[in-house]
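**Q** Next up, input.txt (compact mmCIF, C-alpha atoms and all ligand atoms).
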# COMPACT_ATOMS: atom_id res chain seq x y z
CA MET A 1 220.48 -11.37 28.01
CA GLY A 2 222.61 -8.40 26.98
CA ALA A 3 223.44 -7.02 23.57
CA THR A 4 226.19 -8.91 21.80
CA PRO A 5 229.48 -7.01 22.27
CA ARG A 6 231.03 -5.44 19.19
CA ALA A 7 233.13 -7.80 17.10
CA VAL A 8 235.65 -5.11 16.19
CA GLY A 9 236.71 -1.81 17.75
CA TRP A 10 239.51 0.74 17.88
CA THR A 11 241.07 1.57 21.26
CA GLY A 12 242.94 4.70 20.18
CA SER A 13 246.11 2.83 19.34
CA ALA A 14 245.13 -0.79 18.72
CA VAL A 15 242.45 -2.95 17.10
CA GLN A 16 240.17 -4.66 19.59
CA LEU A 17 238.59 -7.96 18.59
CA LEU A 18 236.12 -10.19 20.32
CA ASP A 19 238.03 -13.46 19.82
CA GLN A 20 235.37 -15.56 18.10
CA THR A 21 237.50 -18.70 18.23
CA LEU A 22 236.83 -18.82 22.00
CA LEU A 23 233.03 -18.73 21.74
CA PRO A 24 230.76 -20.11 23.06
CA ASP A 25 232.91 -20.98 26.10
CA GLN A 26 234.48 -17.58 26.62
CA LEU A 27 233.52 -14.04 25.74
CA ALA A 28 236.96 -12.45 25.62
CA SER A 29 238.54 -9.57 23.73
CA VAL A 30 242.07 -9.26 22.44
CA GLU A 31 243.99 -6.10 21.63
CA ILE A 32 246.05 -6.28 18.46
CA HIS A 33 249.08 -4.00 18.22
CA ARG A 34 250.76 -5.24 15.03
CA VAL A 35 249.39 -5.51 11.49
CA ASP A 36 250.70 -9.04 11.02
CA ASP A 37 248.98 -10.11 14.23
CA LEU A 38 245.76 -8.74 12.76
CA VAL A 39 246.41 -10.66 9.54
CA ALA A 40 246.90 -13.83 11.61
CA ALA A 41 243.74 -13.11 13.64
CA ILE A 42 241.76 -12.70 10.42
CA ARG A 43 243.19 -15.93 8.97
CA ARG A 44 242.35 -17.94 12.10
CA LEU A 45 238.84 -16.38 12.15
CA ALA A 46 239.20 -14.57 15.47
CA VAL A 47 237.32 -11.93 13.50
CA ARG A 48 235.25 -13.10 10.54
CA GLY A 49 232.09 -12.39 8.58
CA ALA A 50 232.38 -10.09 5.60
CA PRO A 51 231.15 -6.80 7.16
CA ALA A 52 233.23 -7.26 10.33
CA LEU A 53 236.26 -7.93 8.12
CA GLY A 54 235.64 -4.63 6.33
CA ILE A 55 235.69 -2.74 9.61
CA ALA A 56 238.78 -4.65 10.77
CA GLY A 57 240.46 -3.84 7.47
CA ALA A 58 239.88 -0.11 7.90
CA TYR A 59 241.06 -0.09 11.52
CA GLY A 60 243.98 -2.24 10.38
CA VAL A 61 245.21 0.60 8.17
CA ALA A 62 245.06 2.87 11.25
CA LEU A 63 247.07 0.24 13.09
CA ALA A 64 249.64 0.29 10.30
CA ILE A 65 250.04 4.05 10.81
CA VAL A 66 250.58 3.56 14.55
CA GLN A 67 253.01 0.68 14.03
CA ALA A 68 254.90 2.52 11.28
CA ALA A 69 255.45 5.49 13.60
CA ARG A 70 256.52 3.24 16.47
CA GLU A 71 258.90 1.12 14.40
CA GLY A 72 260.13 3.68 11.89
CA TRP A 73 258.79 1.97 8.75
CA ASP A 74 259.50 3.44 5.35
CA GLY A 75 256.77 3.85 2.74
CA SER A 76 257.32 0.48 1.12
CA ALA A 77 257.10 -1.37 4.46
CA PHE A 78 253.81 0.43 5.09
CA THR A 79 252.39 -0.40 1.67
CA ALA A 80 253.46 -4.04 1.98
CA ALA A 81 251.80 -4.38 5.40
CA VAL A 82 248.56 -2.91 4.07
CA GLY A 83 248.78 -5.30 1.12
CA ARG A 84 249.11 -8.32 3.43
CA LEU A 85 246.07 -7.12 5.36
CA ARG A 86 244.03 -6.65 2.17
CA ALA A 87 244.89 -10.18 1.01
CA ALA A 88 244.31 -11.91 4.37
CA ARG A 89 241.06 -13.46 3.12
CA PRO A 90 240.19 -13.20 -0.57
CA THR A 91 236.47 -13.94 -0.87
CA ALA A 92 234.91 -11.22 1.30
CA LEU A 93 234.76 -8.10 -0.88
CA ALA A 94 234.28 -5.98 2.25
CA LEU A 95 237.83 -6.60 3.50
CA ALA A 96 239.43 -5.10 0.40
CA GLN A 97 236.83 -2.30 0.36
CA GLY A 98 237.53 -1.41 4.01
CA VAL A 99 241.29 -1.42 3.49
CA ASP A 100 241.04 0.63 0.28
CA ALA A 101 238.70 3.24 1.78
CA ALA A 102 241.00 3.73 4.77
CA TYR A 103 244.19 3.70 2.67
CA ALA A 104 242.76 6.50 0.52
CA ARG A 105 242.77 8.75 3.64
CA VAL A 106 246.28 7.91 4.90
CA ASP A 107 247.68 11.29 3.81
CA ASP A 108 245.07 12.97 6.02
CA GLY A 109 246.45 11.30 9.16
CA LEU A 110 245.47 8.75 11.77
CA GLU A 111 242.21 10.33 12.91
CA ALA A 112 240.89 10.53 9.36
CA VAL A 113 241.67 6.84 8.83
CA VAL A 114 240.06 5.83 12.11
CA ALA A 115 237.00 7.88 11.10
CA VAL A 116 236.70 5.72 7.97
CA GLY A 117 236.48 2.63 10.17
CA HIS A 118 233.84 4.26 12.38
CA ALA A 119 231.85 5.36 9.31
CA ILE A 120 231.92 1.85 7.80
CA ALA A 121 230.70 0.42 11.10
CA ASP A 122 227.92 2.99 11.43
CA ALA A 123 226.78 2.47 7.84
CA ASP A 124 226.83 -1.31 8.32
CA GLU A 125 224.65 -1.17 11.41
CA ARG A 126 222.15 1.10 9.65
CA ALA A 127 222.13 -1.19 6.61
CA ASN A 128 221.57 -4.26 8.76
CA ARG A 129 218.56 -2.75 10.55
CA ALA A 130 217.04 -1.88 7.17
CA ILE A 131 217.84 -5.35 5.78
CA GLY A 132 216.05 -6.86 8.78
CA ARG A 133 212.92 -4.81 8.15
CA HIS A 134 212.87 -5.34 4.37
CA GLY A 135 213.56 -9.05 4.72
CA ALA A 136 210.87 -9.59 7.32
CA ASP A 137 208.36 -7.61 5.22
CA TRP A 138 209.18 -9.66 2.10
CA ILE A 139 208.94 -12.98 3.88
CA LEU A 140 205.70 -12.27 5.76
CA ALA A 141 204.06 -10.82 2.63
CA ARG A 142 204.74 -14.05 0.76
CA LEU A 143 204.40 -16.70 3.43
CA GLY A 144 201.61 -15.19 5.47
CA ASP A 145 201.77 -13.32 8.73
CA ARG A 146 202.44 -16.31 10.99
CA PRO A 147 205.28 -17.83 13.05
CA LEU A 148 207.82 -19.37 10.68
CA ARG A 149 210.43 -22.09 10.69
CA VAL A 150 213.63 -20.56 9.37
CA LEU A 151 216.90 -22.20 8.36
CA THR A 152 220.23 -20.41 8.32
CA HIS A 153 223.81 -21.34 7.51
CA CYS A 154 227.06 -20.02 9.02
CA ASN A 155 226.92 -16.88 11.17
CA THR A 156 225.58 -13.60 9.86
CA GLY A 157 224.75 -11.96 13.16
CA ALA A 158 226.18 -9.22 15.33
CA LEU A 159 229.43 -11.18 15.49
CA ALA A 160 229.82 -11.04 11.71
CA THR A 161 228.92 -7.37 11.33
CA ALA A 162 229.02 -4.03 13.13
CA ALA A 163 225.81 -4.98 14.96
CA TRP A 164 222.46 -6.75 14.52
CA GLY A 165 223.38 -8.87 11.50
CA THR A 166 222.21 -9.44 7.93
CA ALA A 167 220.38 -12.78 7.55
CA LEU A 168 220.36 -13.10 11.32
CA GLY A 169 219.11 -9.51 11.42
CA ILE A 170 216.05 -10.66 9.46
CA ILE A 171 215.56 -13.47 11.97
CA ARG A 172 215.92 -10.97 14.84
CA GLU A 173 213.33 -8.70 13.19
CA LEU A 174 210.92 -11.62 12.61
CA HIS A 175 211.38 -12.59 16.25
CA ALA A 176 210.69 -9.02 17.37
CA ARG A 177 207.41 -9.27 15.43
CA GLY A 178 206.59 -12.60 17.11
CA ARG A 179 207.00 -14.47 13.83
CA VAL A 180 209.72 -17.05 14.56
CA GLU A 181 208.65 -20.52 15.56
CA LEU A 182 212.07 -22.16 15.32
CA VAL A 183 215.45 -21.62 13.67
CA TYR A 184 217.36 -24.55 12.20
CA VAL A 185 221.04 -23.70 12.57
CA ASP A 186 223.43 -25.55 10.28
CA GLU A 187 226.51 -26.29 12.38
CA THR A 188 228.72 -25.11 9.46
CA ARG A 189 231.61 -27.49 9.06
CA PRO A 190 234.51 -27.35 9.46
CA LEU A 191 234.84 -24.33 11.78
CA LEU A 192 231.36 -24.46 13.30
CA GLN A 193 230.31 -20.84 12.96
CA GLY A 194 226.69 -22.06 13.15
CA SER A 195 226.88 -24.11 16.32
CA ARG A 196 229.45 -21.97 18.11
CA LEU A 197 228.32 -18.49 17.08
CA THR A 198 224.80 -18.41 15.59
CA ALA A 199 223.41 -20.70 18.28
CA TRP A 200 225.07 -18.50 20.91
CA GLU A 201 223.56 -15.33 19.42
CA LEU A 202 220.11 -16.91 19.15
CA ALA A 203 220.29 -18.08 22.76
CA GLU A 204 221.29 -14.56 23.86
CA ALA A 205 218.32 -13.18 21.93
CA GLY A 206 215.90 -15.73 23.38
CA ILE A 207 215.08 -17.27 19.99
CA ASP A 208 214.29 -21.01 19.89
CA TYR A 209 216.67 -23.01 17.70
CA ARG A 210 218.02 -26.45 16.90
CA VAL A 211 221.56 -27.09 15.71
CA GLN A 212 221.80 -29.66 12.94
CA VAL A 213 224.73 -31.10 11.01
CA ASP A 214 225.09 -29.52 7.59
CA ALA A 215 224.24 -32.83 5.99
CA ALA A 216 220.78 -32.75 7.64
CA ALA A 217 219.78 -29.48 5.98
CA ALA A 218 218.53 -30.94 2.68
CA GLY A 219 216.38 -33.50 4.44
CA THR A 220 214.98 -30.93 6.84
CA ILE A 221 214.05 -28.65 3.93
CA VAL A 222 212.71 -31.29 1.54
CA GLY A 223 210.92 -32.98 4.46
CA GLY A 224 208.75 -29.89 4.91
CA LEU A 225 210.18 -28.70 8.23
CA VAL A 226 211.37 -25.32 6.94
CA ASP A 227 209.36 -22.36 5.60
CA VAL A 228 212.24 -20.17 4.44
CA ALA A 229 216.06 -20.18 4.36
CA VAL A 230 218.02 -16.96 4.93
CA VAL A 231 221.78 -16.66 4.44
CA GLY A 232 224.39 -13.95 4.02
CA ALA A 233 226.98 -13.31 1.33
CA ASP A 234 230.69 -12.58 1.10
CA ARG A 235 230.55 -11.34 -2.48
CA ILE A 236 227.79 -11.13 -5.09
CA ALA A 237 228.60 -10.98 -8.79
CA ALA A 238 226.86 -8.44 -11.04
CA ASN A 239 224.54 -11.17 -12.36
CA GLY A 240 223.43 -12.06 -8.82
CA ASP A 241 225.53 -15.21 -8.25
CA VAL A 242 226.31 -15.39 -4.53
CA ALA A 243 229.49 -16.54 -2.78
CA ASN A 244 228.82 -17.56 0.80
CA LYS A 245 230.00 -20.13 3.33
CA VAL A 246 230.54 -23.59 1.87
CA GLY A 247 227.28 -25.53 2.13
CA THR A 248 225.10 -22.60 1.11
CA LEU A 249 224.66 -24.00 -2.42
CA GLY A 250 223.25 -27.25 -1.03
CA VAL A 251 220.72 -25.28 1.02
CA ALA A 252 219.69 -23.33 -2.09
CA LEU A 253 219.28 -26.49 -4.17
CA ALA A 254 217.15 -28.11 -1.50
CA CYS A 255 214.98 -24.98 -1.24
CA ALA A 256 214.45 -24.98 -5.01
CA HIS A 257 213.43 -28.64 -4.89
CA ALA A 258 211.07 -28.01 -1.98
CA GLY A 259 209.65 -24.83 -3.52
CA ILE A 260 210.43 -22.64 -0.52
CA PRO A 261 212.14 -19.21 -0.64
CA PHE A 262 215.92 -18.98 -0.44
CA ILE A 263 216.79 -15.43 0.67
CA VAL A 264 220.22 -13.78 0.51
CA ALA A 265 220.73 -10.81 2.84
CA ALA A 266 223.69 -8.47 2.39
CA SER A 267 224.50 -4.79 2.12
CA ALA A 268 224.40 -3.39 -1.41
CA SER A 269 228.18 -2.92 -1.22
CA THR A 270 228.55 -6.72 -1.31
CA VAL A 271 227.73 -6.63 -5.02
CA ASP A 272 230.97 -6.59 -7.02
CA PRO A 273 230.25 -4.67 -10.23
CA ASP A 274 233.58 -5.80 -11.70
CA LEU A 275 232.58 -9.46 -11.75
CA PRO A 276 230.03 -10.40 -14.41
CA SER A 277 229.35 -13.81 -12.83
CA GLY A 278 230.20 -15.96 -9.86
CA ALA A 279 232.81 -17.85 -11.88
CA GLY A 280 235.20 -14.95 -11.24
CA ILE A 281 234.77 -14.83 -7.46
CA PRO A 282 238.00 -15.87 -5.69
CA ILE A 283 237.24 -18.80 -3.40
CA GLU A 284 239.43 -19.16 -0.33
CA ARG A 285 241.02 -22.59 0.11
CA ARG A 286 241.88 -23.39 3.71
CA ALA A 287 244.22 -25.80 5.46
CA ASP A 288 243.69 -29.57 5.24
CA ASP A 289 243.76 -30.06 9.00
CA GLU A 290 240.49 -28.13 9.44
CA VAL A 291 238.80 -31.09 7.74
CA LEU A 292 241.10 -33.99 8.64
CA ALA A 293 241.42 -33.33 12.38
CA TRP A 294 238.83 -32.97 15.13
CA SER A 295 239.77 -31.39 18.47
CA GLY A 296 243.42 -31.90 17.65
CA ARG A 297 243.00 -35.60 16.74
CA LEU A 298 243.40 -36.92 13.19
CA VAL A 299 240.08 -38.31 11.89
CA ALA A 300 241.38 -39.47 8.51
CA PRO A 301 244.36 -41.59 7.48
CA LYS A 302 247.55 -39.62 8.06
CA GLU A 303 248.31 -39.55 4.33
CA ALA A 304 244.83 -38.14 3.50
CA ARG A 305 244.59 -34.79 1.74
CA ALA A 306 241.53 -32.56 2.03
CA HIS A 307 239.46 -30.47 -0.34
CA ASN A 308 238.61 -27.46 1.83
CA PRO A 309 237.02 -24.53 0.00
CA ALA A 310 235.70 -22.03 2.55
CA PHE A 311 232.92 -20.80 0.25
CA ASP A 312 230.72 -21.91 -2.62
CA VAL A 313 228.82 -20.02 -5.29
CA THR A 314 225.04 -20.21 -5.57
CA PRO A 315 223.74 -19.33 -9.05
CA ALA A 316 221.42 -16.32 -9.10
CA GLY A 317 218.62 -18.48 -10.48
CA LEU A 318 218.37 -20.28 -7.13
CA VAL A 319 218.00 -17.05 -5.15
CA SER A 320 214.40 -16.00 -4.51
CA ALA A 321 215.32 -12.49 -3.36
CA LEU A 322 218.38 -10.44 -2.55
CA VAL A 323 217.62 -8.23 0.44
CA THR A 324 219.79 -5.15 0.84
CA GLU A 325 219.30 -1.91 2.79
CA HIS A 326 217.43 -0.63 -0.29
CA GLY A 327 214.83 -3.37 -0.28
CA ALA A 328 214.23 -6.84 -1.67
CA SER A 329 214.82 -7.45 -5.35
CA PRO A 330 215.32 -10.36 -7.68
CA PRO A 331 219.06 -11.20 -7.79
CA GLY A 332 221.00 -9.53 -10.59
CA SER A 333 218.72 -6.50 -10.67
CA PRO A 334 220.03 -3.20 -9.26
CA ALA A 335 220.28 -3.55 -5.46
C1 LIG A 401 227.09 -11.04 7.47
S1 LIG A 401 228.29 -12.24 7.29
C2 LIG A 401 228.13 -12.85 5.62
C3 LIG A 401 229.14 -13.89 5.30
O1 LIG A 401 230.42 -13.38 5.54
C4 LIG A 401 228.89 -15.17 6.12
O2 LIG A 401 227.70 -15.75 5.69
C5 LIG A 401 230.03 -16.13 5.94
O3 LIG A 401 230.03 -16.95 5.06
C6 LIG A 401 231.17 -15.96 6.84
O4 LIG A 401 232.23 -16.84 6.60
P1 LIG A 401 233.48 -16.82 7.59
O5 LIG A 401 234.41 -17.83 6.99
O6 LIG A 401 232.98 -17.21 8.93
O7 LIG A 401 234.05 -15.43 7.56
When written as structure tokens, how does the structure in this file appear?

**A**
Amino acid sequence: MGATPRAVGWTGSAVQLLDQTLLPDQLASVEIHRVDDLVAAIRRLAVRGAPALGIAGAYGVALAIVQAAREGWDGSAFTAAVGRLRAARPTALALAQGVDAAYARVDDGLEAVVAVGHAIADADERANRAIGRHGADWILARLGDRPLRVLTHCNTGALATAAWGTALGIIRELHARGRVELVYVDETRPLLQGSRLTAWELAEAGIDYRVQVDAAAAGTIVGGLVDVAVVGADRIAANGDVANKVGTLGVALACAHAGIPFIVAASASTVDPDLPSGAGIPIERRADDEVLAWSGRLVAPKEARAHNPAFDVTPAGLVSALVTEHGASPPGSPA
């Protein structure tokens, strides 16, 4: 079982992505040579997960420099391309942060912009390792130093980050300490990041897991089969409200009912100081066919319309602890 390959990289002239839409069947990379191809790759979730999107955003600005030189863009074509990249997915704060940090160095040239992408990736990996340690410490201090049954939603692992993972990084750390009995993996409708990606990462890491449909999560939690739930975040408002993959709120509500901890793991940069509460977090709406079709076949009447928000917002009051690289704290307090 090898280390999970990097989700995002820079080849010297192109963005390299591990195409996550192909997992778990194929582990294959694609090289992206045009900014609008990167925008399309982000929209179809070839690369996804907030921290990985931040790295892709920074390298995407480098790609814009390369493409502009190749195709003779003027300044407004460059700015427009960077704008399309920044807006490719609205909920993950990291994408805009990665694009903005790289764009601020454009006048210093390609290497300076690429260095921003490398620095974001390095900082993310360091943050994730610290999140893993702090999260495992918090959980074991409260639940007792024993093997635990953990539930997670979506994918927050190496595939979603520079390496290691946030919530999945805590699970990896607990496993390294011999403290994981079983992980319940919500499949994560409609795009199955749980069953396709998290289950694959757990299998690679040798961690025992069961995939369950999202609708089973509340019963599993309230039925006493789970000791703790750990999830990631795409954006956290200043008051601690958390936007994460749709279905997270249901997990949090079930944890509150069952009286078990609901832990959010994310780098401190995920907190958006400009948003007083979760009501202001932009929630991505995705295409109807993600819900209404299954393996290319319609599974609803052909006139059906879908409600397909990609994220939901969990109120801070349902979050037992926010774990960042700085430690575990009650949500809404300084991270
Ligand atoms: C460390 S990843 C944190 C979040 O980005 C993750 O939980 C999530 O919701 C990802 O959603 P996705 O739509 O797959 O990009």

**Q** Once you count only C-alpha atoms and all ligand atoms, which residues end up within 7 Å of ligand LIG 401 (chain A), and could you hand them over as a list in words?

**A**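 Going residue by residue within 7 Å of ligand LIG 401 (chain A), we get Leu45, Arg48, Gly49, Ala50, Pro51, Ala92, Cys154, Asn155, Thr156, Gly157, Ala160, Thr161, Gly165, Thr166, Ala167, Gln193, Val231, Gly232, Ala233, Asp234, Asn244, Lys245, Ala266, Ala310 and Phe311 of chain A.
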
**Q** Write a file of the selected residues as a CSV table (one decimal), keeping the file's coordinate frame, keeping C-alpha atoms.

**A**
chain,number,residue,atom,x,y,z
A,45,LEU,CA,238.8,-16.4,12.2
A,48,ARG,CA,235.2,-13.1,10.5
A,49,GLY,CA,232.1,-12.4,8.6
A,50,ALA,CA,232.4,-10.1,5.6
A,51,PRO,CA,231.2,-6.8,7.2
A,92,ALA,CA,234.9,-11.2,1.3
A,154,CYS,CA,227.1,-20.0,9.0
A,155,ASN,CA,226.9,-16.9,11.2
A,156,THR,CA,225.6,-13.6,9.9
A,157,GLY,CA,224.8,-12.0,13.2
A,160,ALA,CA,229.8,-11.0,11.7
A,161,THR,CA,228.9,-7.4,11.3
A,165,GLY,CA,223.4,-8.9,11.5
A,166,THR,CA,222.2,-9.4,7.9
A,167,ALA,CA,220.4,-12.8,7.6
A,193,GLN,CA,230.3,-20.8,13.0
A,231,VAL,CA,221.8,-16.7,4.4
A,232,GLY,CA,224.4,-14.0,4.0
A,233,ALA,CA,227.0,-13.3,1.3
A,234,ASP,CA,230.7,-12.6,1.1
A,244,ASN,CA,228.8,-17.6,0.8
A,245,LYS,CA,230.0,-20.1,3.3
A,266,ALA,CA,223.7,-8.5,2.4
A,310,ALA,CA,235.7,-22.0,2.6
A,311,PHE,CA,232.9,-20.8,0.2

**Q** Go through A:Ile263, A:Val116, A:Ile171, A:Ala130 one by one, measure the shortest atom-to-atom distance of each to A:Gly327 using all atoms listed in the file, and give the residue with the smallest value.

**A**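 Using all atoms listed in the file, the shortest distance to A:Gly327 belongs to A:Ala130.
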
**Q** To one decimal place, how far is atom CA of A:His326 from atom CA of A:Ala58 in Å?

**A** 23.9 Å

**Q** Rank nothing, just name the residue among A:Gly109, A:Gly135, A:Pro90, A:Gly12 nearest to A:Arg172, using all atoms listed in the file.

**A**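 Checking each candidate against A:Arg172, we get A:Gly135 as the closest.
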
**Q** Do a neighbour search on A:Ala218 at 12 Å with only C-alpha atoms, toss out local chain neighbours closer than 5 positions, and write the hits as a list in words.

**A**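 Surrounding residues, per the criterion: Leu151, His153, Tyr184, Asp186, Gln212, Val213, Gly223, Gly224, Leu225, Val226, Ala229, Gly247, Thr248, Leu249, Gly250, Val251, Ala252, Leu253, Ala254, Cys255, Ala256, His257 and Ala258 of chain A.
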
**Q** Here is a test: counting only C-alpha atoms, which residue of A:Leu53, A:Leu38, A:Leu197, A:Val246 is nearest to A:Leu22?

**A** A:Leu197

**Q** Find the residue from A:Ala203, A:Val242, A:Val291, A:Leu191 that sits nearest to A:Leu275; use all atoms listed in the file when measuring.

**A**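 Checking each candidate against A:Leu275, we get A:Val242 as the closest.
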
**Q** What's the 12 Å shell around stretch 292-296 of chain A, counting all atoms listed in the file, without same-chain residues fewer than 2 positions away, as a VMD selection string?

**A** chain A and resid 189 to 192 286 to 290 298 to 308

**Q** For the residues in the current selection, export C-alpha atoms as a PDB file, keeping the file's coordinate frame.

**A**
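Output (again01.pdb):
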ATOM      1  CA  ARG A 189     231.610 -27.490   9.060  1.00  0.00           C
ATOM      2  CA  PRO A 190     234.510 -27.350   9.460  1.00  0.00           C
ATOM      3  CA  LEU A 191     234.840 -24.330  11.780  1.00  0.00           C
ATOM      4  CA  LEU A 192     231.360 -24.460  13.300  1.00  0.00           C
ATOM      5  CA  ARG A 286     241.880 -23.390   3.710  1.00  0.00           C
ATOM      6  CA  ALA A 287     244.220 -25.800   5.460  1.00  0.00           C
ATOM      7  CA  ASP A 288     243.690 -29.570   5.240  1.00  0.00           C
ATOM      8  CA  ASP A 289     243.760 -30.060   9.000  1.00  0.00           C
ATOM      9  CA  GLU A 290     240.490 -28.130   9.440  1.00  0.00           C
ATOM     10  CA  LEU A 298     243.400 -36.920  13.190  1.00  0.00           C
ATOM     11  CA  VAL A 299     240.080 -38.310  11.890  1.00  0.00           C
ATOM     12  CA  ALA A 300     241.380 -39.470   8.510  1.00  0.00           C
ATOM     13  CA  PRO A 301     244.360 -41.590   7.480  1.00  0.00           C
ATOM     14  CA  LYS A 302     247.550 -39.620   8.060  1.00  0.00           C
ATOM     15  CA  GLU A 303     248.310 -39.550   4.330  1.00  0.00           C
ATOM     16  CA  ALA A 304     244.830 -38.140   3.500  1.00  0.00           C
ATOM     17  CA  ARG A 305     244.590 -34.790   1.740  1.00  0.00           C
ATOM     18  CA  ALA A 306     241.530 -32.560   2.030  1.00  0.00           C
ATOM     19  CA  HIS A 307     239.460 -30.470  -0.340  1.00  0.00           C
ATOM     20  CA  ASN A 308     238.610 -27.460   1.830  1.00  0.00           C
TER      21      ASN A 308
END

**Q** Rounded to one decimal in Å, what is the spacing between atom CA of A:Ala94 and atom CA of A:His175?

**A** 27.6 Å

**Q** Atom CA of A:Ile221 and atom CA of A:Tyr209 are how many Å apart?

**A**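 Atom CA of A:Tyr209 lies 15.1 Å from atom CA of A:Ile221.
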
**Q** Would you mind telling me which residue in A:Glu284, A:Asp241, A:Asp208, A:Asp274 lies nearest to A:Gly317 when using all atoms listed in the file?

**A**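 Distance minimum relative to A:Gly317 lands on A:Asp241.
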
**Q** Tell me, as a PDB file with C-alpha atoms, in the coordinates of the input, which residues lie within 6 Å of A:Val271, counting all atoms listed in the file; anything in the same chain fewer than 2 positions away does not count.

**A**
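Result saved to part.pdb:
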ATOM      1  CA  ILE A 236     227.790 -11.130  -5.090  1.00  0.00           C
ATOM      2  CA  ALA A 237     228.600 -10.980  -8.790  1.00  0.00           C
ATOM      3  CA  ALA A 268     224.400  -3.390  -1.410  1.00  0.00           C
ATOM      4  CA  SER A 269     228.180  -2.920  -1.220  1.00  0.00           C
TER       5      SER A 269
END

**Q** Quick one: residues within 12 Å of A:Leu27, only C-alpha atoms counted, chain neighbours fewer than 2 positions away excluded, as JSON, numbers by chain?

**A** {"A": [4, 5, 6, 7, 17, 18, 19, 20, 21, 22, 23, 24, 25, 29, 30, 46, 159, 196, 197, 200, 201]}

**Q** Select, counting all atoms listed in the file, all protein, DNA and RNA residues no farther than 6 Å from (241.6, -2.4, 19.2) in file coordinates, and express the selection as a list in words.

**A**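 Every residue inside that radius is included here: Gly9, Trp10, Thr11, Ala14, Val15, Gln16, Glu31 and Ile32 of chain A.
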
**Q** Which residue out of A:Arg86, A:Gly332, A:Ala28, A:Gly144 has the minimum interatomic distance to A:Ala102 when only C-alpha atoms are used?

**A**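 Ranking A:Arg86, A:Gly332, A:Ala28, A:Gly144 by distance to A:Ala102, first place goes to A:Arg86.
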
**Q** Return as JSON the box centre and box size in Å, one decimal, for an axis-aligned box around all listed atoms of stretch 301-319 of chain A padded by 4 Å per side.

**A**
{"center_x": 233.2, "center_y": -29.0, "center_z": -1.2, "size_x": 38.3, "size_y": 33.3, "size_z": 26.5}

**Q** Give as a ChimeraX atom specification each residue that has an atom at most 8 Å from (225.5, -9.2, -18.8) in the file, counting all atoms listed in the file.

**A** /A:238-239,276
